[in-house]
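S.K.: My structure file model-v9.cif, mmCIF, C-alpha atoms and all ligand atoms, is below:
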```cif
data_target
#
loop_
_atom_site.label_atom_id
_atom_site.label_comp_id
_atom_site.auth_asym_id
_atom_site.auth_seq_id
_atom_site.Cartn_x
_atom_site.Cartn_y
_atom_site.Cartn_z
CA MET A 11 22.98 -0.76 13.38
CA ALA A 12 25.31 2.09 12.50
CA SER A 13 23.66 5.37 13.29
CA VAL A 14 26.28 7.83 12.08
CA HIS A 15 25.54 9.16 8.65
CA PRO A 16 27.16 12.24 7.16
CA PHE A 17 23.81 13.66 6.17
CA ILE A 18 22.03 13.27 9.47
CA SER A 19 21.96 16.34 11.63
CA ARG A 20 19.37 18.44 13.35
CA ASN A 21 19.75 21.41 11.06
CA SER A 22 18.82 21.92 7.46
CA SER A 23 22.38 21.50 6.26
CA ARG A 24 22.11 17.75 6.03
CA PHE A 25 23.02 16.53 2.63
CA PHE A 26 21.39 13.81 0.67
CA PRO A 27 23.24 12.62 -2.41
CA PRO A 28 20.93 13.47 -5.29
CA LEU A 29 19.67 10.30 -6.88
CA ALA A 30 18.31 11.97 -9.96
CA PHE A 31 20.91 14.65 -10.53
CA GLY A 32 22.69 13.48 -13.65
CA LEU A 33 21.71 9.94 -12.93
CA MET A 34 19.00 7.71 -14.11
CA LEU A 35 16.36 6.73 -11.60
CA ALA A 36 16.95 3.05 -11.36
CA VAL A 37 14.52 0.72 -9.77
CA LEU A 38 15.37 -2.64 -8.37
CA LEU A 39 12.76 -5.28 -8.76
CA ILE A 40 12.87 -7.48 -5.71
CA GLY A 41 12.74 -11.13 -6.53
CA CYS A 42 13.84 -10.47 -10.06
CA SER A 43 17.32 -10.14 -11.45
CA THR A 44 16.24 -7.43 -13.86
CA ALA A 45 16.99 -3.87 -12.91
CA LEU A 46 14.97 -1.29 -14.76
CA ASN A 47 17.05 1.64 -15.86
CA ARG A 48 14.55 4.34 -16.55
CA ASN A 49 15.69 7.56 -18.11
CA THR A 50 13.48 9.64 -15.89
CA THR A 51 15.63 12.39 -14.51
CA VAL A 52 13.35 14.42 -12.30
CA THR A 53 13.83 17.69 -10.50
CA SER A 54 10.35 18.16 -9.08
CA PRO A 55 7.86 15.73 -7.57
CA PRO A 56 6.61 13.28 -10.18
CA LEU A 57 2.91 12.86 -10.79
CA MET A 58 1.17 9.97 -9.06
CA ARG A 59 -1.80 8.59 -10.94
CA VAL A 60 -4.18 7.27 -8.30
CA ARG A 61 -7.13 5.20 -9.46
CA LEU A 62 -9.87 6.52 -7.18
CA LEU A 63 -12.80 4.69 -8.76
CA LEU A 64 -13.19 1.76 -11.12
CA ALA A 65 -15.89 1.14 -13.76
CA GLN A 66 -18.33 3.88 -12.82
CA GLU A 67 -21.45 4.80 -14.76
CA GLN A 68 -21.97 8.04 -12.87
CA LEU A 69 -19.86 10.47 -10.88
CA THR A 70 -20.99 13.33 -8.69
CA ILE A 71 -18.95 16.51 -8.99
CA VAL A 72 -19.27 19.85 -7.23
CA ALA A 73 -17.13 22.96 -7.77
CA SER A 74 -16.95 26.18 -5.81
CA GLN A 75 -15.20 27.84 -8.78
CA PRO A 76 -15.43 26.88 -12.48
CA PRO A 77 -12.69 24.31 -13.22
CA ILE A 78 -10.96 23.94 -16.59
CA TYR A 79 -11.78 20.88 -18.65
CA ARG A 80 -10.69 19.32 -21.89
CA THR A 81 -11.49 16.12 -23.74
CA GLU A 82 -9.59 14.00 -26.22
CA SER A 83 -11.93 15.10 -29.01
CA ASP A 84 -11.65 18.77 -28.01
CA PRO A 85 -8.29 19.39 -26.34
CA THR A 86 -8.80 23.17 -26.06
CA PRO A 87 -9.03 24.02 -22.34
CA ARG A 88 -12.40 25.52 -21.48
CA ALA A 89 -14.10 26.69 -18.33
CA LEU A 90 -16.67 24.26 -17.01
CA VAL A 91 -19.39 26.51 -15.76
CA LEU A 92 -21.43 24.64 -13.20
CA PRO A 93 -23.97 26.03 -10.80
CA GLY A 94 -21.73 26.93 -7.82
CA ASN A 95 -21.69 24.36 -5.03
CA VAL A 96 -24.51 22.34 -6.60
CA PRO A 97 -23.61 18.66 -7.06
CA MET A 98 -23.91 17.59 -10.70
CA ILE A 99 -23.89 14.10 -12.19
CA VAL A 100 -21.35 13.23 -14.89
CA THR A 101 -22.23 10.36 -17.22
CA LEU A 102 -20.56 8.84 -20.24
CA THR A 103 -22.86 8.40 -23.23
CA PRO A 104 -22.04 7.15 -26.72
CA ALA A 105 -22.29 10.82 -27.81
CA GLY A 106 -19.75 11.92 -25.21
CA TRP A 107 -19.50 13.16 -21.64
CA ARG A 108 -22.65 14.70 -20.23
CA ILE A 109 -23.00 17.00 -17.22
CA GLY A 110 -26.58 18.09 -16.72
CA SER A 111 -27.78 18.77 -20.26
CA THR A 112 -24.34 19.75 -21.61
CA ILE A 113 -22.31 17.41 -23.83
CA LEU A 114 -18.57 18.05 -23.44
CA GLY A 115 -16.82 15.82 -25.99
CA THR A 116 -15.51 12.27 -26.23
CA GLY A 117 -12.48 10.32 -25.02
CA THR A 118 -10.64 10.96 -21.76
CA LEU A 119 -12.07 13.93 -19.85
CA THR A 120 -9.66 15.96 -17.74
CA ILE A 121 -10.90 18.35 -15.06
CA GLN A 122 -8.42 20.81 -13.53
CA PRO A 123 -9.72 22.62 -10.43
CA ALA A 124 -9.27 26.44 -10.53
CA VAL A 125 -7.91 26.31 -6.99
CA GLU A 126 -6.67 23.23 -5.13
CA GLY A 127 -9.58 21.69 -3.27
CA SER A 128 -12.27 23.61 -5.15
CA VAL A 129 -13.58 20.46 -6.85
CA LYS A 130 -15.04 17.56 -4.87
CA VAL A 131 -16.09 14.20 -6.27
CA ALA A 132 -18.06 11.20 -5.06
CA PRO A 133 -19.24 7.92 -6.53
CA VAL A 134 -22.93 7.16 -6.95
CA ILE A 135 -23.56 3.80 -5.29
CA ALA A 136 -26.99 2.22 -5.83
CA GLY A 137 -28.43 5.62 -6.65
CA THR A 138 -27.03 7.24 -3.50
CA VAL A 139 -24.28 9.85 -3.56
CA SER A 140 -21.40 9.14 -1.16
CA PRO A 141 -19.78 12.01 0.79
CA LEU A 142 -18.03 14.42 -1.58
CA ARG A 143 -14.24 14.58 -1.18
CA PRO A 144 -11.69 17.11 -2.45
CA TYR A 145 -8.37 16.00 -3.92
CA ARG A 146 -5.21 17.87 -4.87
CA GLY A 147 -4.14 17.91 -8.51
CA SER A 148 -6.56 17.13 -11.31
CA PHE A 149 -9.09 14.48 -12.25
CA ARG A 150 -9.02 12.22 -15.28
CA LEU A 151 -12.12 10.30 -16.35
CA VAL A 152 -10.97 7.44 -18.56
CA PRO A 153 -13.57 5.55 -20.63
CA ILE A 154 -13.24 1.77 -20.32
CA SER A 155 -16.45 0.93 -22.24
CA PRO A 156 -19.07 3.01 -24.13
CA THR A 157 -20.76 3.95 -20.83
CA LYS A 158 -18.29 3.12 -18.03
CA PHE A 159 -15.21 4.95 -16.88
CA ASP A 160 -12.45 4.97 -14.26
CA LEU A 161 -11.67 8.05 -12.20
CA VAL A 162 -7.95 8.81 -11.81
CA ASN A 163 -6.52 11.53 -9.57
CA ASP A 164 -3.30 12.97 -11.03
CA VAL A 165 -1.53 14.47 -8.03
CA ASP A 166 2.10 15.33 -7.37
CA LEU A 167 3.81 12.79 -5.16
CA GLU A 168 4.24 15.14 -2.18
CA GLY A 169 0.56 16.10 -2.20
CA TYR A 170 -0.38 12.44 -2.52
CA LEU A 171 1.71 11.53 0.55
CA ALA A 172 0.00 14.15 2.72
CA GLY A 173 -3.23 12.22 2.14
CA VAL A 174 -1.59 8.82 2.76
CA LEU A 175 0.18 9.21 6.12
CA PRO A 176 -2.91 9.86 8.28
CA ARG A 177 -4.52 6.73 6.83
CA GLU A 178 -1.45 4.57 7.41
CA LEU A 179 -0.59 5.78 10.93
CA ILE A 180 -2.39 6.58 14.16
CA ARG A 181 -3.20 10.30 14.45
CA THR A 182 -1.52 10.72 17.83
CA TRP A 183 1.76 9.14 16.77
CA HIS A 184 5.12 10.89 16.97
CA GLU A 185 6.15 13.30 14.22
CA GLU A 186 9.37 11.34 13.69
CA THR A 187 7.24 8.23 12.99
CA TYR A 188 5.35 10.31 10.45
CA LYS A 189 8.56 11.47 8.78
CA ALA A 190 9.93 7.91 8.63
CA GLN A 191 6.66 6.75 7.06
CA ALA A 192 6.79 9.68 4.59
CA ILE A 193 10.17 8.46 3.31
CA ILE A 194 8.96 4.89 3.03
CA ALA A 195 5.62 5.80 1.45
CA ARG A 196 7.43 8.03 -1.08
CA THR A 197 9.82 5.22 -1.97
CA TYR A 198 7.01 2.69 -2.22
CA ALA A 199 4.97 4.97 -4.50
CA LEU A 200 7.92 5.74 -6.80
CA ASN A 201 8.70 2.06 -7.06
CA GLU A 202 5.10 1.17 -7.92
CA LYS A 203 5.02 3.92 -10.53
CA ALA A 204 8.23 2.71 -12.17
CA THR A 205 7.24 -0.96 -12.15
CA VAL A 206 3.55 -1.91 -12.20
CA GLY A 207 2.49 1.61 -13.22
CA SER A 208 4.51 1.66 -16.41
CA GLY A 209 2.42 0.64 -19.39
CA ARG A 210 -0.93 1.51 -17.84
CA TYR A 211 -2.83 4.74 -17.22
CA TRP A 212 -2.63 4.68 -13.42
CA ASP A 213 -0.02 3.83 -10.79
CA VAL A 214 -1.61 3.00 -7.45
CA TYR A 215 -4.81 1.88 -5.78
CA THR A 216 -6.31 3.86 -2.89
CA ASP A 217 -6.29 0.92 -0.49
CA GLU A 218 -3.98 -1.67 1.07
CA ARG A 219 -3.18 -3.10 -2.34
CA SER A 220 -0.92 -0.02 -2.61
CA GLN A 221 -1.20 2.50 0.25
CA VAL A 222 -4.36 3.89 1.77
CA TYR A 223 -5.09 7.38 0.37
CA GLY A 224 -7.93 9.67 1.37
CA GLY A 225 -7.03 12.91 -0.40
CA MET A 226 -7.30 16.33 1.26
CA THR A 227 -10.09 15.24 3.63
CA ASP A 228 -7.68 13.04 5.55
CA GLU A 229 -4.66 15.34 5.58
CA SER A 230 -3.42 16.71 8.89
CA ASP A 231 -0.89 19.37 9.91
CA LYS A 232 1.34 16.53 11.06
CA SER A 233 1.16 14.71 7.73
CA ARG A 234 1.85 17.86 5.70
CA LEU A 235 4.80 18.77 7.95
CA ALA A 236 6.30 15.28 7.73
CA VAL A 237 6.06 15.35 3.94
CA ASN A 238 7.53 18.86 3.67
CA GLN A 239 10.42 18.15 5.99
CA THR A 240 11.44 15.02 4.08
CA GLN A 241 10.70 16.32 0.60
CA GLY A 242 12.19 14.13 -2.12
CA VAL A 243 13.98 11.80 0.31
CA VAL A 244 13.77 8.08 -0.40
CA VAL A 245 15.42 4.93 0.89
CA ALA A 246 17.73 3.19 -1.56
CA TYR A 247 20.42 0.55 -1.76
CA GLY A 248 23.67 0.20 -3.67
CA ALA A 249 27.16 1.57 -4.07
CA GLU A 250 27.63 5.32 -4.11
CA GLY A 251 26.30 6.80 -7.32
CA GLN A 252 24.49 3.56 -8.16
CA GLU A 253 21.76 3.61 -5.53
CA ARG A 254 18.43 2.17 -6.49
CA ILE A 255 15.12 2.46 -4.77
CA PHE A 256 13.33 -0.78 -4.00
CA LYS A 257 9.91 -1.96 -2.94
CA ALA A 258 10.03 -0.56 0.60
CA TYR A 259 7.69 -3.00 2.29
CA PHE A 260 6.19 -2.02 5.63
CA SER A 261 3.59 -3.51 7.91
CA ALA A 262 1.61 -2.50 10.96
CA CYS A 263 3.25 -4.77 13.55
CA CYS A 264 6.03 -7.33 13.13
CA GLY A 265 5.21 -9.07 16.41
CA GLY A 266 8.84 -8.74 17.47
CA VAL A 267 10.45 -10.48 14.50
CA THR A 268 10.26 -9.54 10.83
CA GLN A 269 10.41 -11.96 7.94
CA SER A 270 12.49 -11.47 4.83
CA ALA A 271 10.95 -10.47 1.51
CA GLN A 272 12.53 -13.64 0.14
CA ALA A 273 10.66 -15.80 2.66
CA ALA A 274 7.40 -13.92 2.24
CA PHE A 275 7.28 -13.35 -1.49
CA GLY A 276 10.06 -15.45 -3.04
CA GLY A 277 13.02 -14.25 -5.08
CA SER A 278 16.57 -13.87 -3.92
CA PHE A 279 18.12 -12.53 -0.72
CA PHE A 280 18.09 -8.73 -0.50
CA GLU A 281 20.01 -7.19 2.38
CA PRO A 282 17.60 -4.34 3.35
CA LEU A 283 14.64 -6.74 3.41
CA GLN A 284 16.20 -9.52 5.48
CA GLU A 285 14.58 -10.88 8.65
CA GLN A 286 15.33 -8.94 11.83
CA ASN A 287 14.82 -9.45 15.54
CA ASN A 288 13.20 -6.26 16.83
CA GLN A 289 13.28 -7.43 20.46
CA ALA A 290 9.53 -7.06 21.00
CA ILE A 291 9.70 -3.26 21.02
CA CYS A 292 6.31 -3.14 19.25
CA ASN A 293 4.56 -4.81 22.19
CA ALA A 294 2.29 -1.77 22.68
CA SER A 295 0.42 -2.83 19.56
CA PRO A 296 -3.00 -4.37 20.29
CA ARG A 297 -2.01 -7.08 17.81
CA PHE A 298 1.38 -7.85 19.34
CA ASN A 299 -0.25 -10.87 20.98
CA TRP A 300 -3.43 -12.35 19.61
CA GLY A 301 -5.37 -15.57 19.52
CA PRO A 302 -6.58 -18.13 19.77
CA VAL A 303 -8.34 -17.92 16.41
CA VAL A 304 -10.46 -20.96 15.57
CA ILE A 305 -11.57 -21.80 12.03
CA GLY A 306 -13.70 -24.85 11.30
CA LYS A 307 -12.00 -27.40 9.05
CA GLU A 308 -14.86 -27.29 6.55
CA GLU A 309 -14.71 -23.51 6.29
CA LEU A 310 -10.92 -23.54 6.10
CA VAL A 311 -10.86 -26.01 3.24
CA ARG A 312 -13.47 -23.89 1.42
CA ARG A 313 -11.20 -20.83 1.69
CA ILE A 314 -8.02 -22.69 0.72
CA ARG A 315 -9.71 -24.30 -2.31
CA ALA A 316 -11.04 -20.90 -3.39
CA TRP A 317 -7.53 -19.47 -3.05
CA GLY A 318 -6.09 -22.42 -5.00
CA THR A 319 -8.66 -21.87 -7.75
CA ALA A 320 -7.83 -18.16 -7.97
CA LYS A 321 -4.10 -18.89 -8.03
CA LYS A 322 -4.40 -21.98 -10.27
CA ARG A 323 -2.69 -24.12 -7.68
CA PRO A 324 -3.20 -27.76 -6.69
CA GLU A 325 -4.84 -26.67 -3.42
CA LYS A 326 -8.00 -26.09 -5.48
CA ASP A 327 -8.61 -29.86 -5.31
CA MET A 328 -7.66 -30.33 -1.66
CA GLY A 329 -9.74 -32.88 0.24
CA ALA A 330 -11.02 -32.58 3.80
CA ILE A 331 -8.30 -31.33 6.15
CA LYS A 332 -6.68 -33.99 8.29
CA GLU A 333 -3.88 -31.99 9.82
CA VAL A 334 -2.08 -28.65 9.64
CA VAL A 335 1.48 -28.35 10.93
CA LEU A 336 4.18 -25.72 11.13
CA GLN A 337 7.04 -26.98 8.94
CA ASN A 338 9.93 -24.65 9.71
CA VAL A 339 10.81 -21.23 11.11
CA ASN A 340 13.39 -18.54 10.34
CA VAL A 341 16.49 -17.85 12.41
CA TRP A 342 14.39 -15.76 14.86
CA GLY A 343 11.62 -18.32 15.18
CA ARG A 344 9.07 -16.82 12.82
CA PRO A 345 7.21 -19.39 10.65
CA LEU A 346 8.45 -19.93 7.10
CA ARG A 347 6.18 -22.73 5.89
CA PHE A 348 3.06 -24.61 6.90
CA ALA A 349 1.94 -28.01 5.62
CA ILE A 350 -1.61 -29.26 5.23
CA THR A 351 -2.40 -32.95 4.90
CA ASP A 352 -5.80 -33.87 3.49
CA ALA A 353 -7.97 -36.96 3.99
CA LYS A 354 -6.56 -38.50 0.81
CA GLY A 355 -3.07 -38.25 2.30
CA LEU A 356 -1.93 -35.49 -0.04
CA ARG A 357 0.41 -32.93 1.50
CA PHE A 358 0.37 -29.28 0.52
CA SER A 359 3.28 -27.08 1.62
CA LEU A 360 2.75 -23.32 1.60
CA GLN A 361 5.01 -20.38 2.35
CA ALA A 362 3.83 -18.65 5.51
CA GLU A 363 2.38 -15.64 3.68
CA GLU A 364 0.70 -17.89 1.12
CA PHE A 365 -0.76 -19.83 4.01
CA ARG A 366 -2.12 -16.71 5.69
CA THR A 367 -3.57 -15.40 2.42
CA ALA A 368 -5.17 -18.78 1.72
CA CYS A 369 -6.62 -19.04 5.25
CA ASN A 370 -8.14 -15.55 4.92
CA PHE A 371 -9.27 -15.91 1.30
CA ASP A 372 -12.94 -15.06 0.74
CA ALA A 373 -13.34 -15.04 4.53
CA ASN A 374 -15.95 -12.31 4.43
CA ASN A 375 -18.22 -14.05 1.93
CA VAL A 376 -21.55 -12.72 3.20
CA SER A 377 -23.50 -15.76 2.07
CA ILE A 378 -21.48 -17.74 4.61
CA THR A 379 -20.80 -15.22 7.39
CA HIS A 380 -24.24 -13.58 7.15
CA GLY A 381 -22.49 -10.26 7.68
CA LYS A 382 -20.72 -11.30 10.88
CA PRO A 383 -16.95 -10.71 11.07
CA ALA A 384 -15.18 -13.91 10.08
CA SER A 385 -12.26 -15.46 11.94
CA THR A 386 -9.03 -14.50 10.19
CA LEU A 387 -5.30 -14.56 10.83
CA TYR A 388 -3.68 -11.18 11.51
CA SER A 389 -0.27 -12.56 10.56
CA SER A 390 1.50 -15.79 9.73
CA PHE A 391 3.51 -15.51 12.97
CA VAL A 392 1.38 -18.11 14.74
CA LYS A 393 1.33 -21.68 16.03
CA VAL A 394 -1.22 -24.18 14.83
CA ILE A 395 -3.12 -26.98 16.57
CA THR A 396 -5.32 -29.51 14.77
CA ASP A 397 -8.53 -30.31 16.68
CA SER A 398 -11.18 -32.81 15.56
CA GLU A 399 -13.48 -30.34 13.79
CA SER A 400 -11.38 -27.20 13.59
CA ILE A 401 -7.93 -25.68 13.36
CA ARG A 402 -6.83 -23.60 16.33
CA PHE A 403 -4.26 -20.85 15.81
CA VAL A 404 -2.51 -19.86 19.03
CA GLU A 405 0.24 -17.53 20.23
CA GLY A 406 -0.24 -15.18 17.29
CA HIS A 407 2.04 -12.15 17.00
CA GLY A 408 1.83 -9.06 14.80
CA TRP A 409 -0.37 -7.67 12.09
CA GLY A 410 0.44 -7.84 8.39
CA HIS A 411 3.19 -9.55 6.44
CA GLY A 412 5.97 -8.37 8.77
CA VAL A 413 8.42 -7.52 5.98
CA GLY A 414 10.48 -4.32 6.14
CA MET A 415 9.58 -1.44 8.45
CA CYS A 416 7.29 -2.18 11.39
CA GLN A 417 5.12 0.84 12.15
CA TRP A 418 4.70 0.01 15.84
CA CYS A 419 8.45 -0.56 16.20
CA SER A 420 9.02 2.80 14.49
CA GLN A 421 6.66 4.55 16.88
CA ARG A 422 8.49 3.03 19.86
CA ARG A 423 11.85 4.15 18.45
CA ALA A 424 10.49 7.67 17.92
CA GLU A 425 9.18 7.78 21.49
CA GLU A 426 12.64 6.80 22.70
CA GLY A 427 14.17 9.73 20.86
CA MET A 428 15.36 8.18 17.62
CA ARG A 429 15.21 10.48 14.62
CA HIS A 430 13.34 9.50 11.48
CA GLU A 431 16.48 8.91 9.40
CA ASP A 432 17.70 6.32 11.88
CA ILE A 433 14.24 4.79 12.24
CA VAL A 434 14.21 4.11 8.50
CA LEU A 435 17.78 2.83 8.40
CA ALA A 436 17.16 0.53 11.37
CA ALA A 437 14.31 -1.03 9.44
CA TYR A 438 16.29 -1.59 6.21
CA PRO A 439 19.82 -2.83 7.00
CA GLY A 440 22.47 -1.59 4.59
CA ALA A 441 20.16 0.97 2.98
CA LYS A 442 20.83 4.70 2.49
CA LEU A 443 18.77 7.82 2.35
CA ILE A 444 19.06 9.80 -0.86
CA ARG A 445 17.16 12.45 -2.72
CA ALA A 446 15.03 11.33 -5.66
CA TYR A 447 14.36 14.97 -6.61
ZN ZN B 501 7.64 -4.52 15.31
#
```
Please render this file's structure as C-alpha cells.
M.R.:
Amino acid sequence: MASVHPFISRNSSRFFPPLAFGLMLAVLLIGCSTALNRNTTVTSPPLMRVRLLLAQEQLTIVASQPPIYRTESDPTPRALVLPGNVPMIVTLTPAGWRIGSTILGTGTLTIQPAVEGSVKVAPVIAGTVSPLRPYRGSFRLVPISPTKFDLVNDVDLEGYLAGVLPRELIRTWHEETYKAQAIIARTYALNEKATVGSGRYWDVYTDERSQVYGGMTDESDKSRLAVNQTQGVVVAYGAEGQERIFKAYFSACCGGVTQSAQAAFGGSFFEPLQEQNNQAICNASPRFNWGPVVIGKEELVRRIRAWGTAKKRPEKDMGAIKEVVLQNVNVWGRPLRFAITDAKGLRFSLQAEEFRTACNFDANNVSITHGKPASTLYSSFVKVITDSESIRFVEGHGWGHGVGMCQWCSQRRAEEGMRHEDIVLAAYPGAKLIRAY
C-alpha cells in the first residue's frame, strides 16, 4: 500500500483537492453502472436529515429558552413560549399541532432551538416518557397521517458526525482511529444523502441501517476533535478531477480477511472495495474468534423461510434441512457461498452475507426465545457442520459484513503509529482523500 501522498503531512498545510470547487459532486453507485451527477456544489457542510422517530402520536419536548417555530399553514417564524424546563407533550390533531392547550397550525412543524442544545425531545412509549435528549440543528415534525408524524433532525453534517463517532467506536480508542472513522462516516452519510435520501424527506436512520447516531448526549471531546480536524474530507475514487465518493462500507471486525462488496452485495468489481488480507491485525477484537454457535435445524429453517418470504425468494418454501455446506471461498479463504439441501432434495445456494442474514432473520422473535438472547452468527466468516438435529457453526471470525474498513484493524494501525489518512487509504485500495466542501 503506497503511503506517500502529497497532501499528507503533520501540519495544516496539507492539501486536499477540492471535490466540489467548480465540480459537480458525483456519486458512484456500487453495483450499478449508473453514476449520478448531481449539481450540488457545496461550500459548507450539507444538511443531514436524520429520521429520529417514526410514526409517533406524541412527542415530549422541553426548552430552556423559547425556540422559534413555523408550520406549513403559517410559515411566519414565531417564538414558542413554553414554561421553561417543563416537559410538554406535542400531538397532531386534525385541527393542527397542539402543545398544551395551544394550537400552532397544520402541515410540517419546524422547531428551531434558540441556542444549540436548548431543546430536548423524547418519544412517549406506552405512556412513559423516555430520557430527553438534545440535538444540534433543528427539528422537523412531518405528518404521515391525520394523527401520526415522523420526527426528523436537520443537522449539518459535521455536527451529525460528532454524535455518530462515539456510538460507532470504543470510547478509549485512538484519536487517529476516530479521525479515520470521521472521514468514512462523512463519506457514507454524503453517499446515502445523494442516493437513497434523494426523493424523500429524510436521509439516514439513527441505527445500524445507516450509522448509529445519539445526538449531543453521546458526543465527546474526542469525537468533536476528530470531526473538526478532518472537516470536509471524504474518501473518493477516480482520475484526478473526476473523483467520486462511494458507499464507504465499514464493519466492526473483519476477522483478518475482508470480503469484497461484489461478493457481499453483488454488482461489479470495484477496486477500493475488493477483498483484502489484513493479516489478523484485528485479533484484539473479542469477536476475532468466536463459536461454536449451534442453531437447531427446526429453528434455522423457520428463520430462513421467514427471510425467504420477506425477500420473495424460493427459500420461503424450503423443507426440513438435511445438510448445510460451505460451497466456495475467496482468494483469502473467506466464505463466498453456502448451500442448503432440504429433505426434498432441493438445493438452495446463498451468497455468504445472504446466508448470514437469513440465519439471523427474526432470531429475536420473543414468542420463540421467550426474551432470551438467541443464537446468531456474528459474521459469515465461519465453517459449518451438519449434526443430526442442529447446525453447528465453528471457527467463526469477525463481526459484521467485513466489507471495506475494519474498525479493529484501524485501531491496531493507529496504535502502531499510522496516521488517519493512511488508515483510510489502507482500507480502500486505490482510493484518494479529497475535500467535499
Ligand atoms: Zn480486521
S.K.: Per residue of chain A within 12 Å of ligand ZN 501 (chain B), record the nearest atom pair and its distance in Å to one decimal, counting only C-alpha atoms and all ligand atoms, with rows in chain order and ascending residue number, as JSON lines.
M.R.:
```
{"residue": "A:Phe260", "atom": "CA", "partner": "B:ZN501", "partner_atom": "ZN", "distance": 10.1}
{"residue": "A:Ser261", "atom": "CA", "partner": "B:ZN501", "partner_atom": "ZN", "distance": 8.5}
{"residue": "A:Ala262", "atom": "CA", "partner": "B:ZN501", "partner_atom": "ZN", "distance": 7.7}
{"residue": "A:Cys263", "atom": "CA", "partner": "B:ZN501", "partner_atom": "ZN", "distance": 4.7}
{"residue": "A:Cys264", "atom": "CA", "partner": "B:ZN501", "partner_atom": "ZN", "distance": 3.9}
{"residue": "A:Gly265", "atom": "CA", "partner": "B:ZN501", "partner_atom": "ZN", "distance": 5.3}
{"residue": "A:Gly266", "atom": "CA", "partner": "B:ZN501", "partner_atom": "ZN", "distance": 4.9}
{"residue": "A:Val267", "atom": "CA", "partner": "B:ZN501", "partner_atom": "ZN", "distance": 6.6}
{"residue": "A:Thr268", "atom": "CA", "partner": "B:ZN501", "partner_atom": "ZN", "distance": 7.2}
{"residue": "A:Gln269", "atom": "CA", "partner": "B:ZN501", "partner_atom": "ZN", "distance": 10.8}
{"residue": "A:Glu285", "atom": "CA", "partner": "B:ZN501", "partner_atom": "ZN", "distance": 11.5}
{"residue": "A:Gln286", "atom": "CA", "partner": "B:ZN501", "partner_atom": "ZN", "distance": 9.5}
{"residue": "A:Asn287", "atom": "CA", "partner": "B:ZN501", "partner_atom": "ZN", "distance": 8.7}
{"residue": "A:Asn288", "atom": "CA", "partner": "B:ZN501", "partner_atom": "ZN", "distance": 6.0}
{"residue": "A:Gln289", "atom": "CA", "partner": "B:ZN501", "partner_atom": "ZN", "distance": 8.2}
{"residue": "A:Ala290", "atom": "CA", "partner": "B:ZN501", "partner_atom": "ZN", "distance": 6.5}
{"residue": "A:Ile291", "atom": "CA", "partner": "B:ZN501", "partner_atom": "ZN", "distance": 6.2}
{"residue": "A:Cys292", "atom": "CA", "partner": "B:ZN501", "partner_atom": "ZN", "distance": 4.4}
{"residue": "A:Asn293", "atom": "CA", "partner": "B:ZN501", "partner_atom": "ZN", "distance": 7.5}
{"residue": "A:Ala294", "atom": "CA", "partner": "B:ZN501", "partner_atom": "ZN", "distance": 9.5}
{"residue": "A:Ser295", "atom": "CA", "partner": "B:ZN501", "partner_atom": "ZN", "distance": 8.5}
{"residue": "A:Pro296", "atom": "CA", "partner": "B:ZN501", "partner_atom": "ZN", "distance": 11.7}
{"residue": "A:Arg297", "atom": "CA", "partner": "B:ZN501", "partner_atom": "ZN", "distance": 10.3}
{"residue": "A:Phe298", "atom": "CA", "partner": "B:ZN501", "partner_atom": "ZN", "distance": 8.2}
{"residue": "A:Asn299", "atom": "CA", "partner": "B:ZN501", "partner_atom": "ZN", "distance": 11.6}
{"residue": "A:Phe391", "atom": "CA", "partner": "B:ZN501", "partner_atom": "ZN", "distance": 12.0}
{"residue": "A:His407", "atom": "CA", "partner": "B:ZN501", "partner_atom": "ZN", "distance": 9.6}
{"residue": "A:Gly408", "atom": "CA", "partner": "B:ZN501", "partner_atom": "ZN", "distance": 7.4}
{"residue": "A:Trp409", "atom": "CA", "partner": "B:ZN501", "partner_atom": "ZN", "distance": 9.2}
{"residue": "A:Gly410", "atom": "CA", "partner": "B:ZN501", "partner_atom": "ZN", "distance": 10.5}
{"residue": "A:His411", "atom": "CA", "partner": "B:ZN501", "partner_atom": "ZN", "distance": 11.1}
{"residue": "A:Gly412", "atom": "CA", "partner": "B:ZN501", "partner_atom": "ZN", "distance": 7.8}
{"residue": "A:Val413", "atom": "CA", "partner": "B:ZN501", "partner_atom": "ZN", "distance": 9.8}
{"residue": "A:Gly414", "atom": "CA", "partner": "B:ZN501", "partner_atom": "ZN", "distance": 9.6}
{"residue": "A:Met415", "atom": "CA", "partner": "B:ZN501", "partner_atom": "ZN", "distance": 7.8}
{"residue": "A:Cys416", "atom": "CA", "partner": "B:ZN501", "partner_atom": "ZN", "distance": 4.6}
{"residue": "A:Gln417", "atom": "CA", "partner": "B:ZN501", "partner_atom": "ZN", "distance": 6.7}
{"residue": "A:Trp418", "atom": "CA", "partner": "B:ZN501", "partner_atom": "ZN", "distance": 5.4}
{"residue": "A:Cys419", "atom": "CA", "partner": "B:ZN501", "partner_atom": "ZN", "distance": 4.1}
{"residue": "A:Ser420", "atom": "CA", "partner": "B:ZN501", "partner_atom": "ZN", "distance": 7.5}
{"residue": "A:Gln421", "atom": "CA", "partner": "B:ZN501", "partner_atom": "ZN", "distance": 9.3}
{"residue": "A:Arg422", "atom": "CA", "partner": "B:ZN501", "partner_atom": "ZN", "distance": 8.9}
{"residue": "A:Arg423", "atom": "CA", "partner": "B:ZN501", "partner_atom": "ZN", "distance": 10.1}
{"residue": "A:Ile433", "atom": "CA", "partner": "B:ZN501", "partner_atom": "ZN", "distance": 11.8}
{"residue": "A:Ala436", "atom": "CA", "partner": "B:ZN501", "partner_atom": "ZN", "distance": 11.5}
{"residue": "A:Ala437", "atom": "CA", "partner": "B:ZN501", "partner_atom": "ZN", "distance": 9.5}
```
S.K.: Between A:Gln68, A:Gly277, A:Trp300, A:Ile193, which residue has the minimum interatomic distance to A:Ala136, considering all atoms listed in the file?
M.R.: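 So, comparing all the options, the nearest one is A:Gln68.
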S.K.: Name the residues in contact with stretch 195-198 of chain A at a cut-off of 6 Å, using only C-alpha atoms, excluding same-chain residues fewer than 5 positions from it; report them as a list in words.
M.R.: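 The residues satisfying every condition are Val244, Lys257 and Ala258 of chain A.
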S.K.: A:Gln122: which residues within 9 Å, counting all atoms listed in the file, same-chain residues fewer than 5 positions away excluded, as an MDAnalysis selection string?
M.R.: chainID A and resid 77:80 129 147:150
S.K.: Which residues, written as a PyMOL selection string, have at least one atom at most 10 Å from A:Thr81, with only C-alpha atoms counted and residues fewer than 2 positions away on the same chain left out?
M.R.: chain A and resi 79+83-88+106-107+114-121+150-151
